[in-house]
>>> print(open('start34.txt').read())   # compact mmCIF, N, CA and C atoms
# COMPACT_ATOMS: atom_id res chain seq x y z
N MET A 9 -143.10 227.22 -83.67
CA MET A 9 -144.04 226.47 -84.50
C MET A 9 -145.43 226.64 -83.89
N ASP A 10 -146.37 227.09 -84.71
CA ASP A 10 -147.73 227.29 -84.21
C ASP A 10 -148.59 226.04 -84.43
N SER A 11 -149.65 225.92 -83.66
CA SER A 11 -150.49 224.72 -83.71
C SER A 11 -151.21 224.57 -85.04
N ASP A 12 -151.57 225.67 -85.70
CA ASP A 12 -152.24 225.58 -87.00
C ASP A 12 -151.32 224.95 -88.05
N SER A 13 -150.05 225.29 -88.04
CA SER A 13 -149.10 224.71 -88.99
C SER A 13 -148.96 223.21 -88.75
N LEU A 14 -148.92 222.81 -87.48
CA LEU A 14 -148.83 221.38 -87.16
C LEU A 14 -150.09 220.64 -87.60
N LEU A 15 -151.26 221.20 -87.31
CA LEU A 15 -152.52 220.58 -87.74
C LEU A 15 -152.58 220.43 -89.25
N ASN A 16 -152.20 221.49 -89.96
CA ASN A 16 -152.22 221.43 -91.43
C ASN A 16 -151.26 220.38 -91.96
N PHE A 17 -150.07 220.28 -91.37
CA PHE A 17 -149.11 219.28 -91.81
C PHE A 17 -149.67 217.87 -91.61
N PHE A 18 -150.13 217.57 -90.40
CA PHE A 18 -150.61 216.22 -90.11
C PHE A 18 -151.90 215.89 -90.85
N ALA A 19 -152.72 216.88 -91.14
CA ALA A 19 -153.96 216.63 -91.89
C ALA A 19 -153.66 216.24 -93.33
N CYS A 20 -152.51 216.65 -93.85
CA CYS A 20 -152.18 216.41 -95.26
C CYS A 20 -151.10 215.36 -95.48
N THR A 21 -150.56 214.78 -94.43
CA THR A 21 -149.47 213.83 -94.58
C THR A 21 -149.95 212.39 -94.51
N ALA A 22 -149.28 211.53 -95.21
CA ALA A 22 -149.59 210.09 -95.15
C ALA A 22 -148.91 209.44 -93.95
N ASP A 23 -148.10 210.19 -93.21
CA ASP A 23 -147.36 209.65 -92.07
C ASP A 23 -148.27 209.12 -90.97
N LEU A 24 -149.52 209.60 -90.89
CA LEU A 24 -150.43 209.14 -89.85
C LEU A 24 -150.83 207.67 -90.03
N THR A 25 -150.74 207.17 -91.25
CA THR A 25 -151.10 205.77 -91.47
C THR A 25 -150.17 204.82 -90.73
N ALA A 26 -149.01 205.32 -90.28
CA ALA A 26 -148.08 204.49 -89.52
C ALA A 26 -148.67 204.01 -88.20
N VAL A 27 -149.65 204.73 -87.66
CA VAL A 27 -150.27 204.33 -86.39
C VAL A 27 -151.71 203.85 -86.57
N CYS A 28 -152.19 203.77 -87.82
CA CYS A 28 -153.50 203.17 -88.08
C CYS A 28 -153.38 201.67 -87.84
N THR A 29 -154.44 201.06 -87.30
CA THR A 29 -154.37 199.65 -86.91
C THR A 29 -155.21 198.72 -87.78
N GLN A 30 -156.15 199.26 -88.55
CA GLN A 30 -157.09 198.42 -89.28
C GLN A 30 -157.07 198.68 -90.78
N ASN A 31 -155.97 199.21 -91.30
CA ASN A 31 -155.83 199.51 -92.72
C ASN A 31 -156.86 200.53 -93.20
N GLY A 32 -157.29 201.39 -92.28
CA GLY A 32 -158.22 202.46 -92.64
C GLY A 32 -157.43 203.73 -92.94
N TRP A 33 -158.10 204.87 -92.76
CA TRP A 33 -157.39 206.12 -92.97
C TRP A 33 -157.78 207.13 -91.91
N PRO A 34 -156.88 208.07 -91.60
CA PRO A 34 -157.14 209.07 -90.58
C PRO A 34 -158.20 210.06 -91.03
N ASP A 35 -159.09 210.42 -90.13
CA ASP A 35 -160.09 211.46 -90.40
C ASP A 35 -159.50 212.79 -89.96
N PRO A 36 -159.15 213.68 -90.91
CA PRO A 36 -158.51 214.94 -90.54
C PRO A 36 -159.39 215.82 -89.65
N ALA A 37 -160.71 215.66 -89.73
CA ALA A 37 -161.60 216.47 -88.90
C ALA A 37 -161.49 216.11 -87.42
N SER A 38 -161.00 214.92 -87.11
CA SER A 38 -160.88 214.49 -85.72
C SER A 38 -159.47 214.68 -85.15
N LEU A 39 -158.60 215.27 -85.93
CA LEU A 39 -157.18 215.39 -85.59
C LEU A 39 -156.94 216.35 -84.43
N HIS A 40 -156.10 215.92 -83.49
CA HIS A 40 -155.67 216.76 -82.37
C HIS A 40 -154.16 216.60 -82.23
N VAL A 41 -153.43 217.72 -82.16
CA VAL A 41 -151.97 217.69 -82.04
C VAL A 41 -151.56 218.54 -80.84
N GLU A 42 -150.68 217.97 -80.02
CA GLU A 42 -150.17 218.69 -78.85
C GLU A 42 -148.64 218.57 -78.82
N ILE A 43 -147.97 219.67 -78.59
CA ILE A 43 -146.51 219.66 -78.47
C ILE A 43 -146.15 219.22 -77.05
N LEU A 44 -145.39 218.12 -76.94
CA LEU A 44 -144.96 217.61 -75.64
C LEU A 44 -143.61 218.14 -75.22
N GLU A 45 -142.69 218.21 -76.19
CA GLU A 45 -141.34 218.73 -75.95
C GLU A 45 -140.92 219.58 -77.13
N GLN A 46 -140.13 220.61 -76.83
CA GLN A 46 -139.63 221.46 -77.90
C GLN A 46 -138.14 221.71 -77.67
N ARG A 47 -137.34 221.35 -78.68
CA ARG A 47 -135.90 221.56 -78.66
C ARG A 47 -135.53 222.31 -79.93
N PRO A 48 -134.34 222.87 -79.98
CA PRO A 48 -133.93 223.54 -81.21
C PRO A 48 -133.97 222.57 -82.40
N GLY A 49 -134.76 222.89 -83.39
CA GLY A 49 -134.85 222.08 -84.60
C GLY A 49 -135.68 220.82 -84.49
N GLU A 50 -136.38 220.64 -83.36
CA GLU A 50 -137.10 219.38 -83.17
C GLU A 50 -138.27 219.55 -82.19
N LEU A 51 -139.35 218.85 -82.46
CA LEU A 51 -140.51 218.80 -81.57
C LEU A 51 -140.87 217.35 -81.32
N LEU A 52 -141.44 217.07 -80.17
CA LEU A 52 -142.08 215.79 -79.91
C LEU A 52 -143.56 216.11 -79.73
N CYS A 53 -144.39 215.51 -80.58
CA CYS A 53 -145.82 215.82 -80.58
C CYS A 53 -146.66 214.58 -80.29
N ALA A 54 -147.74 214.78 -79.56
CA ALA A 54 -148.75 213.75 -79.38
C ALA A 54 -149.84 214.03 -80.41
N VAL A 55 -150.21 213.01 -81.17
CA VAL A 55 -151.19 213.16 -82.23
C VAL A 55 -152.30 212.13 -82.00
N ALA A 56 -153.56 212.58 -82.01
CA ALA A 56 -154.70 211.68 -81.84
C ALA A 56 -155.71 211.95 -82.96
N PHE A 57 -156.38 210.89 -83.41
CA PHE A 57 -157.36 211.01 -84.48
C PHE A 57 -158.22 209.75 -84.50
N GLU A 58 -159.31 209.79 -85.27
CA GLU A 58 -160.13 208.62 -85.50
C GLU A 58 -159.75 208.00 -86.84
N GLU A 59 -159.53 206.69 -86.82
CA GLU A 59 -159.27 205.94 -88.04
C GLU A 59 -160.62 205.49 -88.60
N VAL A 60 -160.89 205.79 -89.86
CA VAL A 60 -162.13 205.40 -90.51
C VAL A 60 -161.92 204.01 -91.13
N ILE A 61 -162.80 203.08 -90.75
CA ILE A 61 -162.73 201.71 -91.23
C ILE A 61 -163.87 201.50 -92.22
N MET A 62 -163.54 200.93 -93.39
CA MET A 62 -164.56 200.73 -94.43
C MET A 62 -164.86 199.24 -94.61
N GLU A 63 -166.10 198.94 -94.98
CA GLU A 63 -166.49 197.59 -95.37
C GLU A 63 -166.14 197.40 -96.84
N GLY A 64 -166.16 196.16 -97.30
CA GLY A 64 -165.88 195.88 -98.70
C GLY A 64 -166.86 196.55 -99.65
N SER A 65 -168.07 196.83 -99.16
CA SER A 65 -169.08 197.47 -100.00
C SER A 65 -168.86 198.98 -100.13
N GLY A 66 -167.92 199.51 -99.37
CA GLY A 66 -167.66 200.95 -99.42
C GLY A 66 -168.37 201.73 -98.33
N CYS A 67 -169.11 201.05 -97.47
CA CYS A 67 -169.79 201.71 -96.36
C CYS A 67 -168.84 201.82 -95.17
N CYS A 68 -169.04 202.85 -94.38
CA CYS A 68 -168.23 203.02 -93.18
C CYS A 68 -168.61 201.96 -92.16
N ALA A 69 -167.65 201.14 -91.76
CA ALA A 69 -167.89 200.08 -90.78
C ALA A 69 -167.66 200.56 -89.35
N GLY A 70 -166.99 201.66 -89.20
CA GLY A 70 -166.75 202.19 -87.86
C GLY A 70 -165.55 203.11 -87.81
N ARG A 71 -165.27 203.54 -86.61
CA ARG A 71 -164.15 204.43 -86.34
C ARG A 71 -163.43 203.93 -85.10
N ILE A 72 -162.12 204.02 -85.14
CA ILE A 72 -161.29 203.60 -84.02
C ILE A 72 -160.39 204.76 -83.65
N GLY A 73 -160.34 205.08 -82.38
CA GLY A 73 -159.43 206.12 -81.92
C GLY A 73 -158.00 205.64 -81.98
N CYS A 74 -157.11 206.44 -82.54
CA CYS A 74 -155.69 206.11 -82.63
C CYS A 74 -154.88 207.28 -82.09
N TRP A 75 -153.68 206.98 -81.66
CA TRP A 75 -152.78 208.03 -81.20
C TRP A 75 -151.35 207.65 -81.56
N GLY A 76 -150.52 208.64 -81.55
CA GLY A 76 -149.10 208.40 -81.80
C GLY A 76 -148.27 209.55 -81.28
N ARG A 77 -147.01 209.26 -81.08
CA ARG A 77 -146.05 210.31 -80.78
C ARG A 77 -145.14 210.42 -81.99
N TYR A 78 -144.93 211.64 -82.41
CA TYR A 78 -144.14 211.91 -83.60
C TYR A 78 -143.00 212.86 -83.26
N ARG A 79 -141.82 212.50 -83.76
CA ARG A 79 -140.68 213.40 -83.71
C ARG A 79 -140.73 214.22 -84.99
N VAL A 80 -140.81 215.53 -84.83
CA VAL A 80 -140.94 216.45 -85.96
C VAL A 80 -139.65 217.24 -86.09
N GLU A 81 -139.00 217.11 -87.23
CA GLU A 81 -137.77 217.86 -87.48
C GLU A 81 -138.13 219.15 -88.21
N LEU A 82 -137.53 220.24 -87.76
CA LEU A 82 -137.75 221.55 -88.36
C LEU A 82 -136.51 221.96 -89.16
N ASN A 83 -136.73 222.64 -90.27
CA ASN A 83 -135.60 223.14 -91.05
C ASN A 83 -135.13 224.48 -90.50
N ALA A 84 -134.15 225.08 -91.12
CA ALA A 84 -133.57 226.34 -90.63
C ALA A 84 -134.59 227.48 -90.59
N ALA A 85 -135.60 227.42 -91.44
CA ALA A 85 -136.64 228.45 -91.46
C ALA A 85 -137.70 228.22 -90.39
N GLY A 86 -137.62 227.07 -89.68
CA GLY A 86 -138.58 226.77 -88.63
C GLY A 86 -139.84 226.07 -89.11
N THR A 87 -139.83 225.64 -90.38
CA THR A 87 -140.99 224.89 -90.88
C THR A 87 -140.67 223.39 -90.84
N ILE A 88 -141.69 222.58 -90.98
CA ILE A 88 -141.53 221.14 -90.83
C ILE A 88 -140.78 220.55 -92.02
N ALA A 89 -139.70 219.85 -91.72
CA ALA A 89 -138.92 219.16 -92.75
C ALA A 89 -139.41 217.73 -92.91
N ARG A 90 -139.68 217.06 -91.78
CA ARG A 90 -140.22 215.70 -91.82
C ARG A 90 -140.73 215.33 -90.45
N ALA A 91 -141.53 214.25 -90.40
CA ALA A 91 -142.05 213.73 -89.15
C ALA A 91 -141.93 212.22 -89.17
N GLU A 92 -141.69 211.64 -88.01
CA GLU A 92 -141.53 210.20 -87.90
C GLU A 92 -142.25 209.71 -86.65
N ALA A 93 -143.07 208.67 -86.82
CA ALA A 93 -143.75 208.08 -85.67
C ALA A 93 -142.72 207.38 -84.79
N VAL A 94 -142.77 207.66 -83.49
CA VAL A 94 -141.87 207.00 -82.56
C VAL A 94 -142.61 205.99 -81.69
N VAL A 95 -143.92 206.14 -81.56
CA VAL A 95 -144.77 205.19 -80.85
C VAL A 95 -146.21 205.47 -81.25
N GLY A 96 -147.04 204.42 -81.25
CA GLY A 96 -148.44 204.62 -81.58
C GLY A 96 -149.26 203.42 -81.17
N ALA A 97 -150.57 203.63 -81.07
CA ALA A 97 -151.47 202.56 -80.66
C ALA A 97 -152.91 202.95 -80.89
N ARG A 98 -153.75 201.98 -80.67
CA ARG A 98 -155.19 202.20 -80.74
C ARG A 98 -155.67 202.61 -79.35
N MET A 99 -156.64 203.52 -79.30
CA MET A 99 -157.19 203.96 -78.01
C MET A 99 -158.34 203.07 -77.60
>>> encode(input="start34.txt", output="structure tokens")
Amino acid sequence: MDSDSLLNFFACTADLTAVCTQNGWPDPASLHVEILEQRPGELLCAVAFEEVIMEGSGCCAGRIGCWGRYRVELNAAGTIARAEAVVGARM
């Protein structure tokens, strides 16, 4: 599994909201993914990003650093089948 495929997956998935803390959304431009463990059919990845927080008026109220560890299951072709947050928090 290459890092570009992981970045593309996490940039387009709603799974990152599992570690958002303020009901904001992940900024894909701030996304960083690192493979911590690799087993047959499975990866453990560290994922970090900035959560964008909005005011009621629609203005950006700030950004909060968030991180999570995700278990990524790979299918027989070696592509991502699904990802699940196993731990996460605000930085």
>>> residues_around(input="start34.txt", residues="Ala54 in chain A", least_positions_apart="4", cutoff="8 Å", atoms="only N, CA and C atoms", output="PyMOL selection string")
chain A and resi 40-45+75-79
>>> write_last_selection(input="start34.txt", atoms="N, CA and C atoms", output="JSON list (two decimals), in the coordinates of the input")
[["chain", "number", "residue", "atom", "x", "y", "z"],
["A", 40, "HIS", "N", -156.10, 215.92, -83.49],
["A", 40, "HIS", "CA", -155.67, 216.76, -82.37],
["A", 40, "HIS", "C", -154.16, 216.60, -82.23],
["A", 41, "VAL", "N", -153.43, 217.72, -82.16],
["A", 41, "VAL", "CA", -151.97, 217.69, -82.04],
["A", 41, "VAL", "C", -151.56, 218.54, -80.84],
["A", 42, "GLU", "N", -150.68, 217.97, -80.02],
["A", 42, "GLU", "CA", -150.17, 218.69, -78.85],
["A", 42, "GLU", "C", -148.64, 218.57, -78.82],
["A", 43, "ILE", "N", -147.97, 219.67, -78.59],
["A", 43, "ILE", "CA", -146.51, 219.66, -78.47],
["A", 43, "ILE", "C", -146.15, 219.22, -77.05],
["A", 44, "LEU", "N", -145.39, 218.12, -76.94],
["A", 44, "LEU", "CA", -144.96, 217.61, -75.64],
["A", 44, "LEU", "C", -143.61, 218.14, -75.22],
["A", 45, "GLU", "N", -142.69, 218.21, -76.19],
["A", 45, "GLU", "CA", -141.34, 218.73, -75.95],
["A", 45, "GLU", "C", -140.92, 219.58, -77.13],
["A", 75, "TRP", "N", -153.68, 206.98, -81.66],
["A", 75, "TRP", "CA", -152.78, 208.03, -81.20],
["A", 75, "TRP", "C", -151.35, 207.65, -81.56],
["A", 76, "GLY", "N", -150.52, 208.64, -81.55],
["A", 76, "GLY", "CA", -149.10, 208.40, -81.80],
["A", 76, "GLY", "C", -148.27, 209.55, -81.28],
["A", 77, "ARG", "N", -147.01, 209.26, -81.08],
["A", 77, "ARG", "CA", -146.05, 210.31, -80.78],
["A", 77, "ARG", "C", -145.14, 210.42, -81.99],
["A", 78, "TYR", "N", -144.93, 211.64, -82.41],
["A", 78, "TYR", "CA", -144.14, 211.91, -83.60],
["A", 78, "TYR", "C", -143.00, 212.86, -83.26],
["A", 79, "ARG", "N", -141.82, 212.50, -83.76],
["A", 79, "ARG", "CA", -140.68, 213.40, -83.71],
["A", 79, "ARG", "C", -140.73, 214.22, -84.99]]
>>> select_by_dssp(input="start34.txt", residues="chain A", states="alpha helix (DSSP H)", output="PyMOL selection string")
chain A and resi 11-20
>>> write_last_selection(input="start34.txt", atoms="N, CA and C atoms", output="PDB file, in the coordinates of the input")
ATOM      1  N   SER A  11    -149.650 225.920 -83.660  1.00  0.00           N
ATOM      2  CA  SER A  11    -150.490 224.720 -83.710  1.00  0.00           C
ATOM      3  C   SER A  11    -151.210 224.570 -85.040  1.00  0.00           C
ATOM      4  N   ASP A  12    -151.570 225.670 -85.700  1.00  0.00           N
ATOM      5  CA  ASP A  12    -152.240 225.580 -87.000  1.00  0.00           C
ATOM      6  C   ASP A  12    -151.320 224.950 -88.050  1.00  0.00           C
ATOM      7  N   SER A  13    -150.050 225.290 -88.040  1.00  0.00           N
ATOM      8  CA  SER A  13    -149.100 224.710 -88.990  1.00  0.00           C
ATOM      9  C   SER A  13    -148.960 223.210 -88.750  1.00  0.00           C
ATOM     10  N   LEU A  14    -148.920 222.810 -87.480  1.00  0.00           N
ATOM     11  CA  LEU A  14    -148.830 221.380 -87.160  1.00  0.00           C
ATOM     12  C   LEU A  14    -150.090 220.640 -87.600  1.00  0.00           C
ATOM     13  N   LEU A  15    -151.260 221.200 -87.310  1.00  0.00           N
ATOM     14  CA  LEU A  15    -152.520 220.580 -87.740  1.00  0.00           C
ATOM     15  C   LEU A  15    -152.580 220.430 -89.250  1.00  0.00           C
ATOM     16  N   ASN A  16    -152.200 221.490 -89.960  1.00  0.00           N
ATOM     17  CA  ASN A  16    -152.220 221.430 -91.430  1.00  0.00           C
ATOM     18  C   ASN A  16    -151.260 220.380 -91.960  1.00  0.00           C
ATOM     19  N   PHE A  17    -150.070 220.280 -91.370  1.00  0.00           N
ATOM     20  CA  PHE A  17    -149.110 219.280 -91.810  1.00  0.00           C
ATOM     21  C   PHE A  17    -149.670 217.870 -91.610  1.00  0.00           C
ATOM     22  N   PHE A  18    -150.130 217.570 -90.400  1.00  0.00           N
ATOM     23  CA  PHE A  18    -150.610 216.220 -90.110  1.00  0.00           C
ATOM     24  C   PHE A  18    -151.900 215.890 -90.850  1.00  0.00           C
ATOM     25  N   ALA A  19    -152.720 216.880 -91.140  1.00  0.00           N
ATOM     26  CA  ALA A  19    -153.960 216.630 -91.890  1.00  0.00           C
ATOM     27  C   ALA A  19    -153.660 216.240 -93.330  1.00  0.00           C
ATOM     28  N   CYS A  20    -152.510 216.650 -93.850  1.00  0.00           N
ATOM     29  CA  CYS A  20    -152.180 216.410 -95.260  1.00  0.00           C
ATOM     30  C   CYS A  20    -151.100 215.360 -95.480  1.00  0.00           C
TER      31      CYS A  20
END
>>> atom_distance(input="start34.txt", atom1="CA of Ser65 in chain A", atom2="atom N of Thr25 in chain A")
22.5 Å
>>> closest_residue(input="start34.txt", among="A:Leu82, A:Ile88, A:Met9, A:Gln30", to="Val60 in chain A", atoms="only N, CA and C atoms")
A:Gln30
>>> residues_near_point(input="start34.txt", point="(-147.3, 213.6, -88.4)", cutoff="6.5 Å", atoms="all atoms listed in the file", output="VMD selection string")
chain A and resid 17 to 18 23 to 24 78 91 to 92
>>> closest_residue(input="start34.txt", among="A:Ala69, A:Pro34, A:Thr21, A:Ser13", to="Phe57 in chain A", atoms="all atoms listed in the file")
A:Pro34
>>> select_by_dssp(input="start34.txt", residues="chain A", states="strand (DSSP E)", output="ChimeraX atom specification")
/A:33-34,40-47,50-62,68-82,88-98
>>> write_last_selection(input="start34.txt", atoms="N, CA and C atoms", output="CSV table (one decimal), keeping the file's coordinate frame")
chain,number,residue,atom,x,y,z
A,33,TRP,N,-158.1,204.9,-92.8
A,33,TRP,CA,-157.4,206.1,-93.0
A,33,TRP,C,-157.8,207.1,-91.9
A,34,PRO,N,-156.9,208.1,-91.6
A,34,PRO,CA,-157.1,209.1,-90.6
A,34,PRO,C,-158.2,210.1,-91.0
A,40,HIS,N,-156.1,215.9,-83.5
A,40,HIS,CA,-155.7,216.8,-82.4
A,40,HIS,C,-154.2,216.6,-82.2
A,41,VAL,N,-153.4,217.7,-82.2
A,41,VAL,CA,-152.0,217.7,-82.0
A,41,VAL,C,-151.6,218.5,-80.8
A,42,GLU,N,-150.7,218.0,-80.0
A,42,GLU,CA,-150.2,218.7,-78.8
A,42,GLU,C,-148.6,218.6,-78.8
A,43,ILE,N,-148.0,219.7,-78.6
A,43,ILE,CA,-146.5,219.7,-78.5
A,43,ILE,C,-146.2,219.2,-77.0
A,44,LEU,N,-145.4,218.1,-76.9
A,44,LEU,CA,-145.0,217.6,-75.6
A,44,LEU,C,-143.6,218.1,-75.2
A,45,GLU,N,-142.7,218.2,-76.2
A,45,GLU,CA,-141.3,218.7,-76.0
A,45,GLU,C,-140.9,219.6,-77.1
A,46,GLN,N,-140.1,220.6,-76.8
A,46,GLN,CA,-139.6,221.5,-77.9
A,46,GLN,C,-138.1,221.7,-77.7
A,47,ARG,N,-137.3,221.4,-78.7
A,47,ARG,CA,-135.9,221.6,-78.7
A,47,ARG,C,-135.5,222.3,-79.9
A,50,GLU,N,-136.4,220.6,-83.4
A,50,GLU,CA,-137.1,219.4,-83.2
A,50,GLU,C,-138.3,219.6,-82.2
A,51,LEU,N,-139.4,218.8,-82.5
A,51,LEU,CA,-140.5,218.8,-81.6
A,51,LEU,C,-140.9,217.4,-81.3
A,52,LEU,N,-141.4,217.1,-80.2
A,52,LEU,CA,-142.1,215.8,-79.9
A,52,LEU,C,-143.6,216.1,-79.7
A,53,CYS,N,-144.4,215.5,-80.6
A,53,CYS,CA,-145.8,215.8,-80.6
A,53,CYS,C,-146.7,214.6,-80.3
A,54,ALA,N,-147.7,214.8,-79.6
A,54,ALA,CA,-148.8,213.8,-79.4
A,54,ALA,C,-149.8,214.0,-80.4
A,55,VAL,N,-150.2,213.0,-81.2
A,55,VAL,CA,-151.2,213.2,-82.2
A,55,VAL,C,-152.3,212.1,-82.0
A,56,ALA,N,-153.6,212.6,-82.0
A,56,ALA,CA,-154.7,211.7,-81.8
A,56,ALA,C,-155.7,212.0,-83.0
A,57,PHE,N,-156.4,210.9,-83.4
A,57,PHE,CA,-157.4,211.0,-84.5
A,57,PHE,C,-158.2,209.8,-84.5
A,58,GLU,N,-159.3,209.8,-85.3
A,58,GLU,CA,-160.1,208.6,-85.5
A,58,GLU,C,-159.8,208.0,-86.8
A,59,GLU,N,-159.5,206.7,-86.8
A,59,GLU,CA,-159.3,205.9,-88.0
A,59,GLU,C,-160.6,205.5,-88.6
A,60,VAL,N,-160.9,205.8,-89.9
A,60,VAL,CA,-162.1,205.4,-90.5
A,60,VAL,C,-161.9,204.0,-91.1
A,61,ILE,N,-162.8,203.1,-90.8
A,61,ILE,CA,-162.7,201.7,-91.2
A,61,ILE,C,-163.9,201.5,-92.2
A,62,MET,N,-163.5,200.9,-93.4
A,62,MET,CA,-164.6,200.7,-94.4
A,62,MET,C,-164.9,199.2,-94.6
A,68,CYS,N,-169.0,202.8,-94.4
A,68,CYS,CA,-168.2,203.0,-93.2
A,68,CYS,C,-168.6,202.0,-92.2
A,69,ALA,N,-167.6,201.1,-91.8
A,69,ALA,CA,-167.9,200.1,-90.8
A,69,ALA,C,-167.7,200.6,-89.4
A,70,GLY,N,-167.0,201.7,-89.2
A,70,GLY,CA,-166.8,202.2,-87.9
A,70,GLY,C,-165.6,203.1,-87.8
A,71,ARG,N,-165.3,203.5,-86.6
A,71,ARG,CA,-164.2,204.4,-86.3
A,71,ARG,C,-163.4,203.9,-85.1
A,72,ILE,N,-162.1,204.0,-85.1
A,72,ILE,CA,-161.3,203.6,-84.0
A,72,ILE,C,-160.4,204.8,-83.6
A,73,GLY,N,-160.3,205.1,-82.4
A,73,GLY,CA,-159.4,206.1,-81.9
A,73,GLY,C,-158.0,205.6,-82.0
A,74,CYS,N,-157.1,206.4,-82.5
A,74,CYS,CA,-155.7,206.1,-82.6
A,74,CYS,C,-154.9,207.3,-82.1
A,75,TRP,N,-153.7,207.0,-81.7
A,75,TRP,CA,-152.8,208.0,-81.2
A,75,TRP,C,-151.4,207.6,-81.6
A,76,GLY,N,-150.5,208.6,-81.6
A,76,GLY,CA,-149.1,208.4,-81.8
A,76,GLY,C,-148.3,209.6,-81.3
A,77,ARG,N,-147.0,209.3,-81.1
A,77,ARG,CA,-146.0,210.3,-80.8
A,77,ARG,C,-145.1,210.4,-82.0
A,78,TYR,N,-144.9,211.6,-82.4
A,78,TYR,CA,-144.1,211.9,-83.6
A,78,TYR,C,-143.0,212.9,-83.3
A,79,ARG,N,-141.8,212.5,-83.8
A,79,ARG,CA,-140.7,213.4,-83.7
A,79,ARG,C,-140.7,214.2,-85.0
A,80,VAL,N,-140.8,215.5,-84.8
A,80,VAL,CA,-140.9,216.4,-86.0
A,80,VAL,C,-139.6,217.2,-86.1
A,81,GLU,N,-139.0,217.1,-87.2
A,81,GLU,CA,-137.8,217.9,-87.5
A,81,GLU,C,-138.1,219.2,-88.2
A,82,LEU,N,-137.5,220.2,-87.8
A,82,LEU,CA,-137.8,221.6,-88.4
A,82,LEU,C,-136.5,222.0,-89.2
A,88,ILE,N,-141.7,222.6,-91.0
A,88,ILE,CA,-141.5,221.1,-90.8
A,88,ILE,C,-140.8,220.6,-92.0
A,89,ALA,N,-139.7,219.8,-91.7
A,89,ALA,CA,-138.9,219.2,-92.8
A,89,ALA,C,-139.4,217.7,-92.9
A,90,ARG,N,-139.7,217.1,-91.8
A,90,ARG,CA,-140.2,215.7,-91.8
A,90,ARG,C,-140.7,215.3,-90.4
A,91,ALA,N,-141.5,214.2,-90.4
A,91,ALA,CA,-142.0,213.7,-89.2
A,91,ALA,C,-141.9,212.2,-89.2
A,92,GLU,N,-141.7,211.6,-88.0
A,92,GLU,CA,-141.5,210.2,-87.9
A,92,GLU,C,-142.2,209.7,-86.6
A,93,ALA,N,-143.1,208.7,-86.8
A,93,ALA,CA,-143.8,208.1,-85.7
A,93,ALA,C,-142.7,207.4,-84.8
A,94,VAL,N,-142.8,207.7,-83.5
A,94,VAL,CA,-141.9,207.0,-82.6
A,94,VAL,C,-142.6,206.0,-81.7
A,95,VAL,N,-143.9,206.1,-81.6
A,95,VAL,CA,-144.8,205.2,-80.8
A,95,VAL,C,-146.2,205.5,-81.2
A,96,GLY,N,-147.0,204.4,-81.2
A,96,GLY,CA,-148.4,204.6,-81.6
A,96,GLY,C,-149.3,203.4,-81.2
A,97,ALA,N,-150.6,203.6,-81.1
A,97,ALA,CA,-151.5,202.6,-80.7
A,97,ALA,C,-152.9,203.0,-80.9
A,98,ARG,N,-153.8,202.0,-80.7
A,98,ARG,CA,-155.2,202.2,-80.7
A,98,ARG,C,-155.7,202.6,-79.4
>>> closest_residue(input="start34.txt", among="A:Pro36, A:Asp12, A:Arg90, A:Cys67", to="Leu51 in chain A", atoms="only C-alpha atoms")
A:Arg90
>>> closest_residue(input="start34.txt", among="A:Pro48, A:Cys68, A:Ala22, A:Val55", to="Glu81 in chain A", atoms="only C-alpha atoms")
A:Pro48
>>> atom_distance(input="start34.txt", atom1="CA of Glu58 in chain A", atom2="atom N of Asp10 in chain A")
23.0 Å
>>> closest_residue(input="start34.txt", among="A:Arg71, A:Glu63, A:Ala56, A:Gly49", to="Gly86 in chain A", atoms="all atoms listed in the file")
A:Gly49
>>> atom_distance(input="start34.txt", atom1="CA of Val95 in chain A", atom2="CA of Glu50 in chain A")
16.3 Å
>>> closest_residue(input="start34.txt", among="A:Val94, A:Ala37, A:Met62, A:Cys53", to="Ser11 in chain A", atoms="only C-alpha atoms")
A:Cys53
>>> decode(input="start34.txt", residues="range 30-51 of chain A", atoms="C-alpha atoms", output="mmCIF file, in the first residue's frame")
data_model
loop_
_atom_site.group_PDB
_atom_site.id
_atom_site.type_symbol
_atom_site.label_atom_id
_atom_site.label_comp_id
_atom_site.auth_asym_id
_atom_site.auth_seq_id
_atom_site.Cartn_x
_atom_site.Cartn_y
_atom_site.Cartn_z
ATOM 1 C CA GLN A 30 -15.940 20.112 17.920
ATOM 2 C CA ASN A 31 -18.439 18.978 15.264
ATOM 3 C CA GLY A 32 -16.252 20.525 12.568
ATOM 4 C CA TRP A 33 -14.752 18.840 9.550
ATOM 5 C CA PRO A 34 -11.279 17.615 8.584
ATOM 6 C CA ASP A 35 -9.182 19.835 6.323
ATOM 7 C CA PRO A 36 -7.798 17.452 3.667
ATOM 8 C CA ALA A 37 -4.934 19.870 2.915
ATOM 9 C CA SER A 38 -3.576 19.349 6.442
ATOM 10 C CA LEU A 39 -3.828 15.548 6.340
ATOM 11 C CA HIS A 40 -0.825 13.415 7.299
ATOM 12 C CA VAL A 41 -0.897 9.587 7.299
ATOM 13 C CA GLU A 42 1.822 7.270 8.585
ATOM 14 C CA ILE A 43 1.818 3.462 8.573
ATOM 15 C CA LEU A 44 2.669 2.203 12.075
ATOM 16 C CA GLU A 45 2.194 -1.538 11.537
ATOM 17 C CA GLN A 46 1.679 -3.669 8.467
ATOM 18 C CA ARG A 47 0.270 -7.202 8.513
ATOM 19 C CA PRO A 48 -1.195 -9.332 5.747
ATOM 20 C CA GLY A 49 -4.525 -7.725 4.846
ATOM 21 C CA GLU A 50 -4.298 -5.032 7.510
ATOM 22 C CA LEU A 51 -2.529 -1.775 8.380
#
